[in-house]
$ cat entry_10.cif   # mmCIF, C-alpha atoms and all ligand atoms
data_work
#
loop_
_atom_site.label_atom_id
_atom_site.label_comp_id
_atom_site.auth_asym_id
_atom_site.auth_seq_id
_atom_site.Cartn_x
_atom_site.Cartn_y
_atom_site.Cartn_z
CA MET A 5 80.61 93.47 68.52
CA GLY A 6 78.84 94.25 65.24
CA GLN A 7 75.37 94.16 66.70
CA TYR A 8 76.41 96.49 69.52
CA HIS A 9 77.62 99.08 67.07
CA ASP A 10 74.48 98.77 64.99
CA MET A 11 72.63 99.92 68.08
CA GLN A 12 75.17 102.40 69.35
CA HIS A 13 74.81 104.97 66.58
CA ASN A 14 73.84 107.85 68.78
CA LEU A 15 76.91 109.79 67.54
CA THR A 16 75.50 109.60 64.02
CA GLN A 17 76.60 112.61 61.95
CA LYS A 18 77.90 114.41 65.03
CA HIS A 19 80.85 116.59 64.08
CA ILE A 20 83.71 115.71 66.37
CA LEU A 21 87.03 117.44 66.08
CA LEU A 22 89.71 115.29 67.67
CA GLY A 23 92.74 117.21 68.91
CA VAL A 24 95.81 115.03 69.42
CA THR A 25 98.65 116.46 71.50
CA GLY A 26 102.12 115.08 72.18
CA GLY A 27 101.95 112.23 74.67
CA ILE A 28 102.67 108.53 74.42
CA ALA A 29 98.91 107.88 74.54
CA ALA A 30 98.71 109.51 71.07
CA TYR A 31 98.99 106.02 69.60
CA LYS A 32 95.53 105.28 71.04
CA SER A 33 94.02 107.99 68.84
CA VAL A 34 94.04 105.52 65.93
CA GLU A 35 91.60 103.28 67.76
CA LEU A 36 89.70 106.28 69.10
CA VAL A 37 89.07 107.59 65.56
CA ARG A 38 87.88 104.13 64.50
CA ARG A 39 85.55 103.80 67.47
CA LEU A 40 84.11 107.29 66.93
CA ARG A 41 83.45 106.53 63.28
CA GLU A 42 81.89 103.18 64.12
CA SER A 43 79.52 105.10 66.39
CA GLY A 44 78.47 107.17 63.41
CA ALA A 45 80.46 110.36 64.11
CA GLU A 46 82.15 112.49 61.47
CA VAL A 47 85.70 113.00 62.66
CA ARG A 48 88.30 115.61 61.72
CA VAL A 49 91.73 115.37 63.30
CA VAL A 50 94.02 118.22 64.31
CA MET A 51 97.52 117.31 65.51
CA THR A 52 100.04 119.42 67.36
CA ALA A 53 103.70 119.33 66.31
CA ALA A 54 104.58 117.23 69.37
CA ALA A 55 101.83 114.71 68.55
CA GLN A 56 103.50 114.09 65.19
CA GLU A 57 106.60 112.86 67.05
CA PHE A 58 104.48 109.94 68.31
CA ILE A 59 102.24 109.16 65.35
CA THR A 60 102.09 110.32 61.74
CA PRO A 61 99.29 112.41 60.21
CA LEU A 62 99.17 109.83 57.41
CA THR A 63 98.05 107.13 59.85
CA LEU A 64 95.23 109.27 61.20
CA GLN A 65 94.30 110.35 57.68
CA ALA A 66 93.95 106.68 56.74
CA VAL A 67 91.66 105.84 59.68
CA SER A 68 89.64 109.06 59.59
CA GLY A 69 89.25 109.09 55.81
CA GLN A 70 89.89 112.86 55.97
CA ARG A 71 92.77 115.21 55.61
CA VAL A 72 94.57 115.73 58.94
CA TYR A 73 95.22 119.34 59.97
CA THR A 74 98.61 120.21 61.45
CA THR A 75 99.52 123.85 60.87
CA LEU A 76 97.92 127.17 61.58
CA LEU A 77 99.41 129.03 58.67
CA ASP A 78 98.61 126.81 55.73
CA SER A 79 97.53 128.76 52.66
CA GLU A 80 95.98 125.69 51.06
CA ASN A 81 93.92 125.01 54.16
CA GLU A 82 92.73 128.53 54.65
CA PHE A 83 90.95 128.30 51.27
CA ALA A 84 89.36 124.98 52.19
CA MET A 85 88.88 124.44 55.89
CA GLY A 86 90.89 126.95 57.87
CA HIS A 87 90.94 127.31 61.60
CA ILE A 88 87.75 129.38 61.76
CA GLU A 89 85.91 126.94 59.54
CA LEU A 90 87.07 124.01 61.68
CA ALA A 91 86.09 125.87 64.85
CA ARG A 92 82.59 126.41 63.39
CA TRP A 93 82.27 122.90 61.95
CA ALA A 94 82.93 121.18 65.30
CA GLU A 95 80.03 120.34 67.61
CA PHE A 96 82.45 118.84 70.09
CA ILE A 97 86.21 119.23 70.40
CA LEU A 98 87.74 116.21 72.09
CA ILE A 99 91.37 116.64 73.01
CA ALA A 100 92.81 113.17 73.56
CA PRO A 101 95.45 112.81 74.74
CA ALA A 102 95.74 116.21 76.38
CA THR A 103 99.17 116.93 77.84
CA ALA A 104 99.88 119.12 80.90
CA ASP A 105 101.34 121.69 78.52
CA PHE A 106 98.18 121.82 76.42
CA LEU A 107 96.00 122.20 79.52
CA ALA A 108 98.13 125.19 80.51
CA LYS A 109 97.72 126.66 77.03
CA LEU A 110 93.97 126.24 77.18
CA ALA A 111 93.75 127.69 80.68
CA TYR A 112 95.64 130.83 79.63
CA GLY A 113 94.15 131.38 76.19
CA HIS A 114 97.25 130.78 74.10
CA ALA A 115 96.75 130.66 70.36
CA ASN A 116 100.17 129.79 68.98
CA ASP A 117 99.25 126.64 67.09
CA LEU A 118 96.26 125.36 65.14
CA LEU A 119 94.61 123.38 67.95
CA SER A 120 94.87 126.09 70.63
CA THR A 121 93.61 128.68 68.12
CA ILE A 122 90.60 126.55 67.20
CA CYS A 123 89.82 126.11 70.91
CA LEU A 124 89.77 129.89 71.32
CA ALA A 125 87.69 130.43 68.19
CA THR A 126 85.00 127.85 68.85
CA THR A 127 81.66 127.83 70.61
CA ALA A 128 81.67 124.02 70.63
CA GLN A 129 81.86 122.05 73.87
CA ILE A 130 85.51 121.34 74.65
CA ILE A 131 86.27 117.98 76.25
CA VAL A 132 89.66 117.05 77.56
CA ALA A 133 91.08 113.56 78.16
CA PRO A 134 94.26 114.19 80.14
CA ALA A 135 97.23 111.84 79.80
CA MET A 136 100.35 112.45 81.86
CA ASN A 137 102.59 111.18 84.61
CA GLN A 138 100.81 111.13 87.97
CA GLN A 139 103.18 113.73 89.51
CA MET A 140 102.48 116.08 86.61
CA TRP A 141 98.72 115.59 87.05
CA ASN A 142 98.99 116.28 90.79
CA ALA A 143 101.28 119.29 90.32
CA ARG A 144 99.75 122.44 91.73
CA SER A 145 99.87 124.26 88.39
CA THR A 146 98.08 121.42 86.56
CA GLN A 147 95.45 121.16 89.30
CA GLU A 148 94.84 124.90 89.16
CA ASN A 149 94.52 124.77 85.38
CA TYR A 150 92.11 121.86 85.75
CA GLN A 151 89.94 123.80 88.24
CA ARG A 152 90.06 126.90 86.08
CA LEU A 153 89.02 125.06 82.92
CA GLN A 154 86.27 123.17 84.72
CA SER A 155 84.85 126.42 86.08
CA TRP A 156 84.55 127.63 82.47
CA GLY A 157 82.58 124.54 81.46
CA VAL A 158 85.39 122.54 79.85
CA ARG A 159 84.57 118.89 80.53
CA PHE A 160 87.12 116.33 81.65
CA PHE A 161 86.89 112.64 80.75
CA GLY A 162 89.37 111.03 83.13
CA PRO A 163 92.20 110.79 83.78
CA GLY A 164 92.07 107.17 84.85
CA HIS A 165 94.06 105.41 87.53
CA GLY A 166 96.61 102.67 86.88
CA LEU A 167 100.05 101.75 85.63
CA GLN A 168 101.58 104.48 83.49
CA ALA A 169 103.98 104.34 80.55
CA CYS A 170 106.71 105.73 82.86
CA GLY A 171 106.26 102.72 85.18
CA GLU A 172 104.58 104.73 87.94
CA GLN A 173 101.15 103.99 89.32
CA GLY A 174 98.50 106.64 89.89
CA LEU A 175 96.07 109.09 88.32
CA GLY A 176 97.01 110.31 84.88
CA ARG A 177 96.24 107.55 82.38
CA MET A 178 94.15 108.49 79.38
CA LEU A 179 90.84 106.63 79.38
CA GLU A 180 90.64 103.83 76.84
CA PRO A 181 89.09 104.73 73.45
CA LEU A 182 85.95 102.69 74.15
CA GLU A 183 85.53 104.47 77.49
CA LEU A 184 85.89 107.87 75.84
CA VAL A 185 83.28 107.00 73.22
CA SER A 186 80.95 105.79 75.94
CA CYS A 187 81.39 109.05 77.91
CA LEU A 188 80.56 111.02 74.73
CA GLN A 189 77.48 108.89 74.11
CA THR A 190 76.30 109.59 77.65
CA LEU A 191 76.73 113.34 77.02
CA PHE A 192 74.54 113.11 73.92
CA GLN A 193 71.99 111.05 75.77
CA ARG A 194 71.71 113.46 78.71
CA GLY A 195 68.04 113.91 79.39
CA THR A 196 66.99 110.86 77.36
CA LEU A 197 65.34 109.32 80.41
CA GLU A 198 63.75 112.54 81.62
CA GLY A 199 60.22 111.78 82.81
CA HIS A 200 60.97 108.04 83.09
CA SER A 201 61.24 106.33 86.46
CA VAL A 202 63.91 103.72 87.08
CA LEU A 203 63.84 101.38 90.07
CA ILE A 204 67.10 99.67 91.00
CA THR A 205 68.00 97.11 93.66
CA ALA A 206 71.58 96.98 94.94
CA GLY A 207 73.79 95.36 97.53
CA PRO A 208 73.30 92.18 99.55
CA THR A 209 70.46 91.08 101.81
CA ARG A 210 70.87 89.70 105.31
CA GLU A 211 68.84 86.77 106.57
CA ALA A 212 68.88 86.44 110.35
CA LEU A 213 69.88 83.27 112.17
CA ASP A 214 69.61 84.93 115.56
CA PRO A 215 69.74 88.58 116.74
CA ILE A 216 73.46 88.90 115.91
CA ARG A 217 74.17 86.47 113.06
CA PHE A 218 72.95 86.35 109.51
CA ILE A 219 73.44 84.74 106.10
CA SER A 220 74.63 87.22 103.48
CA ASN A 221 77.08 87.58 100.59
CA ARG A 222 79.99 89.69 99.36
CA SER A 223 78.03 92.29 97.40
CA SER A 224 79.36 95.80 98.16
CA GLY A 225 76.59 97.59 96.28
CA ARG A 226 79.14 99.34 94.01
CA MET A 227 77.69 98.02 90.76
CA GLY A 228 74.08 98.87 91.68
CA TYR A 229 75.01 102.33 92.96
CA ALA A 230 76.94 103.01 89.74
CA VAL A 231 73.88 101.93 87.73
CA ALA A 232 71.72 104.30 89.81
CA GLU A 233 74.10 107.20 89.16
CA ALA A 234 74.26 106.44 85.44
CA ALA A 235 70.44 106.41 85.21
CA GLN A 236 70.26 109.67 87.15
CA LEU A 237 72.79 111.25 84.77
CA LEU A 238 70.46 110.40 81.90
CA GLY A 239 67.74 112.41 83.62
CA ALA A 240 65.70 109.51 85.03
CA GLN A 241 63.83 109.73 88.27
CA VAL A 242 65.71 107.05 90.17
CA THR A 243 64.69 105.01 93.22
CA LEU A 244 67.38 102.80 94.70
CA ILE A 245 66.43 100.01 97.07
CA SER A 246 69.59 99.08 98.84
CA GLY A 247 70.67 96.29 101.12
CA PRO A 248 73.21 97.06 103.85
CA VAL A 249 76.32 98.65 102.26
CA CYS A 250 78.97 101.20 103.23
CA LEU A 251 78.50 103.59 100.30
CA THR A 252 77.46 107.22 100.11
CA VAL A 253 73.90 107.67 98.90
CA PRO A 254 74.05 108.95 95.28
CA LEU A 255 72.96 112.55 94.69
CA ASN A 256 69.40 113.07 93.47
CA VAL A 257 68.50 109.42 93.92
CA ASP A 258 65.72 108.38 96.33
CA THR A 259 67.35 105.68 98.39
CA ILE A 260 65.46 103.21 100.56
CA SER A 261 67.45 101.02 102.93
CA VAL A 262 66.32 97.46 103.56
CA SER A 263 67.89 94.44 105.16
CA THR A 264 66.16 91.17 104.21
CA ALA A 265 64.98 89.74 100.90
CA GLN A 266 61.40 90.08 102.12
CA GLU A 267 61.89 93.80 102.93
CA MET A 268 63.52 94.34 99.53
CA ARG A 269 60.62 92.57 97.82
CA ASP A 270 58.03 94.64 99.72
CA ALA A 271 59.81 97.92 98.89
CA VAL A 272 60.09 96.94 95.20
CA ILE A 273 56.44 95.92 94.92
CA SER A 274 55.24 99.12 96.60
CA HIS A 275 57.11 101.20 93.95
CA ILE A 276 56.74 99.02 90.88
CA HIS A 277 53.54 100.52 89.51
CA GLN A 278 55.22 103.88 88.89
CA THR A 279 58.28 102.21 87.34
CA ALA A 280 59.22 102.27 83.66
CA ILE A 281 62.50 100.37 83.98
CA PHE A 282 63.39 97.88 86.73
CA ILE A 283 67.04 96.86 87.15
CA ALA A 284 67.72 94.07 89.66
CA CYS A 285 71.38 94.36 90.59
CA ALA A 286 71.06 93.23 94.20
CA ALA A 287 72.56 89.95 95.32
CA VAL A 288 69.42 88.74 97.07
CA ALA A 289 69.82 85.72 99.35
CA ASP A 290 68.10 82.75 97.73
CA TYR A 291 67.45 81.06 101.08
CA ARG A 292 66.73 82.18 104.64
CA PRO A 293 66.52 80.29 107.93
CA VAL A 294 63.00 78.99 108.51
CA HIS A 295 63.23 79.54 112.25
CA PRO A 296 65.44 82.48 113.21
CA VAL A 297 65.69 82.48 116.99
CA ASP A 298 65.19 85.51 119.22
CA HIS A 299 68.20 84.77 121.46
CA LYS A 300 71.89 84.19 120.73
CA LEU A 301 72.46 80.62 119.53
CA LYS A 302 74.67 78.78 122.02
CA LYS A 303 77.35 76.31 120.98
CA GLN A 304 75.88 73.31 122.75
CA THR A 305 76.09 70.56 120.16
CA GLU A 306 78.87 69.35 117.86
CA PHE A 307 76.75 69.96 114.76
CA LEU A 308 74.10 72.56 114.16
CA GLU A 309 71.42 71.99 111.60
CA ILE A 310 69.72 75.02 110.13
CA ILE A 311 66.75 74.57 107.84
CA LEU A 312 66.53 77.12 105.07
CA GLU A 313 63.61 78.07 102.87
CA ARG A 314 63.45 79.95 99.58
CA THR A 315 63.16 83.73 99.69
CA PRO A 316 60.75 85.49 97.34
CA ASP A 317 62.24 85.84 93.85
CA ILE A 318 61.76 89.58 93.37
CA LEU A 319 62.88 89.68 89.75
CA SER A 320 60.55 86.87 88.68
CA GLU A 321 57.63 88.42 90.52
CA VAL A 322 58.15 91.75 88.75
CA ALA A 323 58.58 90.14 85.33
CA GLN A 324 55.36 88.15 85.82
CA LEU A 325 53.18 91.17 86.66
CA SER A 326 50.35 91.66 84.19
CA ASN A 327 51.82 95.04 83.23
CA PRO A 328 55.54 94.66 83.90
CA PRO A 329 58.09 97.43 83.47
CA PHE A 330 61.06 96.99 81.13
CA THR A 331 62.86 94.41 83.27
CA VAL A 332 66.63 93.94 83.50
CA GLY A 333 68.17 91.18 85.60
CA PHE A 334 71.73 90.45 86.56
CA ALA A 335 73.29 87.00 86.61
CA ALA A 336 76.28 86.20 88.79
CA GLU A 337 77.89 82.95 87.67
CA THR A 338 81.16 81.19 88.38
CA HIS A 339 81.00 79.11 85.17
CA ASP A 340 79.03 78.70 81.93
CA LEU A 341 78.15 82.39 82.15
CA ALA A 342 76.33 82.78 78.84
CA HIS A 343 74.44 79.49 79.18
CA TYR A 344 73.04 80.18 82.67
CA ALA A 345 72.36 83.84 81.94
CA ARG A 346 70.41 83.08 78.76
CA ASP A 347 68.46 80.45 80.68
CA LYS A 348 67.55 83.08 83.35
CA LEU A 349 66.58 85.59 80.66
CA LEU A 350 64.12 83.16 79.08
CA ARG A 351 62.88 81.42 82.23
CA LYS A 352 62.20 84.69 84.05
CA ASN A 353 60.91 86.42 80.91
CA LEU A 354 63.31 89.37 81.16
CA ASP A 355 63.97 92.04 78.55
CA LEU A 356 67.71 92.07 79.15
CA ILE A 357 70.20 90.35 81.42
CA ALA A 358 73.67 91.54 82.47
CA ALA A 359 75.84 88.57 83.32
CA ASN A 360 79.06 88.77 85.24
CA GLN A 361 81.65 86.17 86.05
CA VAL A 362 82.10 86.00 89.80
CA GLY A 363 84.63 84.24 92.00
CA LEU A 364 87.62 85.74 90.16
CA PRO A 365 89.88 88.36 91.77
CA GLY A 366 89.46 91.99 90.65
CA THR A 367 86.02 91.71 89.07
CA GLY A 368 82.41 90.96 90.10
CA PHE A 369 81.66 91.14 93.84
CA GLU A 370 83.35 93.86 95.94
CA SER A 371 85.87 94.99 93.32
CA ALA A 372 86.18 98.44 91.72
CA GLU A 373 85.97 96.95 88.23
CA ASN A 374 83.71 94.54 86.44
CA ALA A 375 82.95 93.13 82.98
CA LEU A 376 79.52 92.21 81.65
CA LYS A 377 78.00 90.03 78.98
CA VAL A 378 74.68 91.67 78.17
CA ILE A 379 72.14 89.31 76.62
CA TRP A 380 68.71 89.86 75.11
CA LYS A 381 66.44 87.50 73.21
CA THR A 382 68.01 88.10 69.82
CA GLY A 383 71.58 89.04 70.61
CA GLU A 384 74.37 89.68 73.05
CA ILE A 385 77.39 91.92 73.57
CA ASP A 386 80.49 91.85 75.77
CA LEU A 387 81.24 95.02 77.71
CA PRO A 388 84.95 94.64 78.53
CA ARG A 389 86.36 95.04 82.02
CA CYS A 390 86.57 98.62 83.28
CA ALA A 391 85.65 100.71 86.33
CA LYS A 392 82.08 100.05 87.51
CA PRO A 393 80.88 103.66 86.94
CA LEU A 394 81.98 103.50 83.29
CA LEU A 395 80.58 100.04 82.82
CA ALA A 396 77.27 101.20 84.29
CA LYS A 397 77.12 104.03 81.72
CA GLN A 398 77.66 101.56 78.88
CA LEU A 399 75.01 99.26 80.31
CA LEU A 400 72.56 102.15 80.62
CA ASN A 401 73.21 103.09 76.99
CA LEU A 402 72.20 99.57 75.98
CA ILE A 403 69.16 99.56 78.26
CA VAL A 404 68.01 102.89 76.81
CA GLU A 405 68.33 101.61 73.24
CA HIS A 406 66.32 98.47 73.98
CA TYR A 407 63.77 100.23 76.16
CA PHE A 408 62.89 102.78 73.49
CA GLN A 409 62.53 100.00 70.91
CA SER A 410 60.28 97.88 73.14
CA SER A 411 56.52 97.79 73.14
CA LYS A 412 56.71 98.51 76.87
CA PHE A 413 58.03 101.98 76.18
CA ASN A 414 54.96 102.88 74.14
CA ARG A 415 52.67 101.47 76.80
CA LEU A 416 54.52 103.11 79.69
CA GLN A 417 55.13 106.52 78.18
CA PRO A 418 54.94 109.22 80.86
CA SER A 419 51.80 111.33 80.70
O1 LIG B 501 77.67 94.81 94.69
P1 LIG B 501 79.02 94.62 94.02
O2 LIG B 501 80.10 94.24 95.01
O3 LIG B 501 79.41 95.80 93.17
O4 LIG B 501 78.92 93.36 93.04
C1 LIG B 501 78.08 93.42 91.94
C2 LIG B 501 77.31 92.10 91.75
C3 LIG B 501 78.27 90.98 91.39
C4 LIG B 501 76.53 91.75 93.02
C5 LIG B 501 76.28 92.38 90.58
O5 LIG B 501 76.98 92.72 89.42
C6 LIG B 501 75.41 91.16 90.32
O6 LIG B 501 75.74 90.23 89.62
N1 LIG B 501 74.20 91.17 90.93
C7 LIG B 501 73.25 90.00 90.89
C8 LIG B 501 73.76 88.99 91.86
C9 LIG B 501 72.83 87.78 91.94
O7 LIG B 501 72.26 87.55 92.97
O8 LIG B 501 72.71 87.10 90.84
P2 LIG B 501 71.82 85.76 90.68
O9 LIG B 501 72.29 85.15 89.42
O10 LIG B 501 71.85 84.94 91.92
O11 LIG B 501 70.34 86.33 90.56
C10 LIG B 501 69.73 86.57 89.32
C11 LIG B 501 68.86 87.80 89.36
O12 LIG B 501 67.72 87.57 90.20
C12 LIG B 501 69.53 89.06 89.89
O13 LIG B 501 69.06 90.14 89.12
C13 LIG B 501 69.00 89.18 91.32
O14 LIG B 501 68.94 90.53 91.76
C14 LIG B 501 67.62 88.58 91.18
N2 LIG B 501 67.10 87.92 92.39
C15 LIG B 501 67.72 86.81 92.89
C16 LIG B 501 67.17 86.16 94.00
C17 LIG B 501 65.98 86.67 94.57
N3 LIG B 501 65.46 86.09 95.63
N4 LIG B 501 65.41 87.76 94.06
C18 LIG B 501 65.93 88.39 92.98
O15 LIG B 501 65.38 89.41 92.53
#

$ encode --input "entry_10.cif" --output "structure tokens"
Amino acid sequence: MGQYHDMQHNLTQKHILLGVTGGIAAYKSVELVRRLRESGAEVRVVMTAAAQEFITPLTLQAVSGQRVYTTLLDSENEFAMGHIELARWAEFILIAPATADFLAKLAYGHANDLLSTICLATTAQIIVAPAMNQQMWNARSTQENYQRLQSWGVRFFGPGHGLQACGEQGLGRMLEPLELVSCLQTLFQRGTLEGHSVLITAGPTREALDPIRFISNRSSGRMGYAVAEAAQLLGAQVTLISGPVCLTVPLNVDTISVSTAQEMRDAVISHIHQTAIFIACAAVADYRPVHPVDHKLKKQTEFLEIILERTPDILSEVAQLSNPPFTVGFAAETHDLAHYARDKLLRKNLDLIAANQVGLPGTGFESAENALKVIWKTGEIDLPRCAKPLLAKQLLNLIVEHYFQSSKFNRLQPS
């Protein structure tokens, strides 16, 4: 983990005011403060009275290394860092967890405690990480407050979906601290890839046996589409070459649909010379039938022999170009993940490889979530299991860090 944090210092010296309100998820603010500080941020904590029922100011003082602010009318504070000073100091105000009650306060401009007053007095970007029971999140009043705040430019990180402290299942969970930090990092990195072109492959390929049958795999395209969206959010000019999937084309991403490995290879090669970063997330068939037939195969014999031949290895071909882009591969493995992935990294001469364990339920192919082990020549980092869009943002953060440090960046700088 250490190496990851050495690289992930893009919150360095950012002033983040963390507002903690009274929900059970308040206990996660201890880890959140630690993660923010590890990312280089300077953190000041403001707690509401209800938050102090769940966690003590002393705990957050210990992890933040700073005095924790709890009351609006505090004569000692007003000399040092009163509410106006805190409102000015903050570059970002992150309210995590944010209760339904606090959202209502924000939406109607209340200023009856320190945190709500600071929110009124600040010009900083306010970010909210809601945490509440799913009925409360879906309640009409909360939804209207949510819409209202969004229309004013308040940003929402989450809520996430899953099992809640009350035992119910649904939308309303606060995002995990690591996810919140990653969302913040993406905000700071907005525009970092402006002027840089990113080419991504996604989804499966289909290799025909006859006009109606093919060899394919379980790739849904979700991971590759999430990577395309994450790159687009960073301002990149994104081209997505997609095998057959049932997903909506991401906004502001040029999407080219292909079917076979050969078509995917041809589309990649025709775009590669304008590409700064190539990310191969597609599950390309390794073999195809040598003799696909032009009529429906009949079941005439007890056994059917099909001879397969290798498809072009798109990733290797790109990495072996005389002037290759920054090249990122994926590795899907059922066992010895790190071993096989590192072997692919070196054998194919890649800059980075994102390895995922496949064949397990709930992660890898088809699922909404995934986990990655990202490996480069001198290090590696585990990105723990989470929703593919969030994982894709974390992966893009890593790619950006390595890309800007690489000699390829200097060579490929946009004119
Ligand atoms: O699409 P989802 O359902 O969201 O699932 C995501 C995923 C599991 C498909 C994705 O995370 C993933 O692992 N993609 C790569 C799958 C794969 O084919 O891995 P591989 O280890 O067989 O291939 C290694 C690398 O070579 C990959 O980058 C692949 O795109 C590339 N390759 C492979 C064969 C080939 N002929 N050409 C290639 O470019």

$ closest_atom_pairs --input "entry_10.cif" --of "chain A" --to "ligand LIG 501 (chain B)" --cutoff "6 Å" --atoms "only C-alpha atoms and all ligand atoms" --output "CSV"
residue,atom,partner,partner_atom,distance
A:Gly207,CA,B:LIG501,O1,4.8
A:Ser223,CA,B:LIG501,O2,3.7
A:Ser224,CA,B:LIG501,O2,3.6
A:Gly225,CA,B:LIG501,O1,3.4
A:Arg226,CA,B:LIG501,O3,3.6
A:Met227,CA,B:LIG501,O3,3.7
A:Ala284,CA,B:LIG501,O13,4.2
A:Cys285,CA,B:LIG501,N1,4.3
A:Ala286,CA,B:LIG501,O14,4.2
A:Ala287,CA,B:LIG501,O7,3.4
A:Val288,CA,B:LIG501,C16,4.6
A:Ala289,CA,B:LIG501,N3,5.7
A:Asp290,CA,B:LIG501,N3,4.7
A:Thr315,CA,B:LIG501,N3,5.2
A:Pro316,CA,B:LIG501,N3,5.0
A:Asp317,CA,B:LIG501,N3,3.7
A:Ile318,CA,B:LIG501,O15,3.7
A:Leu319,CA,B:LIG501,O15,3.7
A:Gly333,CA,B:LIG501,O13,3.8
A:Phe334,CA,B:LIG501,O13,3.7
A:Ala335,CA,B:LIG501,O9,3.5
A:Ala336,CA,B:LIG501,O6,4.1
A:Asn360,CA,B:LIG501,O6,5.7
A:Gly368,CA,B:LIG501,C3,4.3
A:Phe369,CA,B:LIG501,O4,3.6
A:Glu370,CA,B:LIG501,O2,3.4

$ atom_distance --input "entry_10.cif" --atom1 "CA of Ala111 in chain A" --atom2 "CA of Thr146 in chain A"
9.6 Å

$ residues_around --input "entry_10.cif" --residues "Ala271 in chain A" --least-positions-apart "4" --cutoff "9 Å" --atoms "only C-alpha atoms" --output "list of chain:residue names"
A:Ile245, A:Ile260, A:Val262, A:Gln266, A:Glu267, A:His275, A:Ile276

$ write_last_selection --input "entry_10.cif" --atoms "C-alpha atoms" --output "short mmCIF file (atom, residue, chain, number, x, y, z; two decimals), in the frame of the given file"
data_model
loop_
_atom_site.label_atom_id
_atom_site.label_comp_id
_atom_site.auth_asym_id
_atom_site.auth_seq_id
_atom_site.Cartn_x
_atom_site.Cartn_y
_atom_site.Cartn_z
CA ILE A 245 66.43 100.01 97.07
CA ILE A 260 65.46 103.21 100.56
CA VAL A 262 66.32 97.46 103.56
CA GLN A 266 61.40 90.08 102.12
CA GLU A 267 61.89 93.80 102.93
CA HIS A 275 57.11 101.20 93.95
CA ILE A 276 56.74 99.02 90.88
#

$ closest_residue --input "entry_10.cif" --among "A:Glu306, A:Glu148, A:Glu198, A:Asp117" --to "Asp78 in chain A" --atoms "all atoms listed in the file"
A:Asp117

$ atom_distance --input "entry_10.cif" --atom1 "CA of Gln17 in chain A" --atom2 "CA of Asn401 in chain A"
18.1 Å

$ closest_residue --input "entry_10.cif" --among "A:Leu213, A:Met136, A:Pro254, A:Ile88" --to "Val294 in chain A" --atoms "only C-alpha atoms"
A:Leu213

$ closest_residue --input "entry_10.cif" --among "A:Glu95, A:Glu313, A:Glu89, A:Glu180" --to "Ala133 in chain A" --atoms "only C-alpha atoms"
A:Glu180

$ closest_residue --input "entry_10.cif" --among "A:Leu325, A:Val37, A:Ala212, A:Leu255" --to "His277 in chain A" --atoms "all atoms listed in the file"
A:Leu325

$ closest_residue --input "entry_10.cif" --among "A:Ala342, A:Leu110, A:Ala135, A:Ala358" --to "Val158 in chain A" --atoms "all atoms listed in the file"
A:Leu110

$ atom_distance --input "entry_10.cif" --atom1 "CA of Ala100 in chain A" --atom2 "CA of Leu22 in chain A"
7.0 Å

$ closest_residue --input "entry_10.cif" --among "A:Gln324, A:Thr190, A:Thr243, A:Ser274" --to "Asn353 in chain A" --atoms "all atoms listed in the file"
A:Gln324

$ residues_near_point --input "entry_10.cif" --point "(68.8, 103.3, 77.9)" --cutoff "12 Å" --atoms "all atoms listed in the file" --output "ChimeraX atom specification"
/A:11-12,14,189-190,193-198,200-202,231,234-240,280-283,330-332,356,396-410,413

$ write_last_selection --input "entry_10.cif" --atoms "C-alpha atoms" --output "compact mmCIF listing (two decimals), in the frame of the given file"
# COMPACT_ATOMS: atom_id res chain seq x y z
CA MET A 11 72.63 99.92 68.08
CA GLN A 12 75.17 102.40 69.35
CA ASN A 14 73.84 107.85 68.78
CA GLN A 189 77.48 108.89 74.11
CA THR A 190 76.30 109.59 77.65
CA GLN A 193 71.99 111.05 75.77
CA ARG A 194 71.71 113.46 78.71
CA GLY A 195 68.04 113.91 79.39
CA THR A 196 66.99 110.86 77.36
CA LEU A 197 65.34 109.32 80.41
CA GLU A 198 63.75 112.54 81.62
CA HIS A 200 60.97 108.04 83.09
CA SER A 201 61.24 106.33 86.46
CA VAL A 202 63.91 103.72 87.08
CA VAL A 231 73.88 101.93 87.73
CA ALA A 234 74.26 106.44 85.44
CA ALA A 235 70.44 106.41 85.21
CA GLN A 236 70.26 109.67 87.15
CA LEU A 237 72.79 111.25 84.77
CA LEU A 238 70.46 110.40 81.90
CA GLY A 239 67.74 112.41 83.62
CA ALA A 240 65.70 109.51 85.03
CA ALA A 280 59.22 102.27 83.66
CA ILE A 281 62.50 100.37 83.98
CA PHE A 282 63.39 97.88 86.73
CA ILE A 283 67.04 96.86 87.15
CA PHE A 330 61.06 96.99 81.13
CA THR A 331 62.86 94.41 83.27
CA VAL A 332 66.63 93.94 83.50
CA LEU A 356 67.71 92.07 79.15
CA ALA A 396 77.27 101.20 84.29
CA LYS A 397 77.12 104.03 81.72
CA GLN A 398 77.66 101.56 78.88
CA LEU A 399 75.01 99.26 80.31
CA LEU A 400 72.56 102.15 80.62
CA ASN A 401 73.21 103.09 76.99
CA LEU A 402 72.20 99.57 75.98
CA ILE A 403 69.16 99.56 78.26
CA VAL A 404 68.01 102.89 76.81
CA GLU A 405 68.33 101.61 73.24
CA HIS A 406 66.32 98.47 73.98
CA TYR A 407 63.77 100.23 76.16
CA PHE A 408 62.89 102.78 73.49
CA GLN A 409 62.53 100.00 70.91
CA SER A 410 60.28 97.88 73.14
CA PHE A 413 58.03 101.98 76.18

$ axis_aligned_box --input "entry_10.cif" --around "range 235-241 of chain A" --padding-each-side "8 Å" --output "JSON"
{"center_x": 68.3, "center_y": 109.4, "center_z": 85.1, "size_x": 25.0, "size_y": 22.0, "size_z": 22.4}
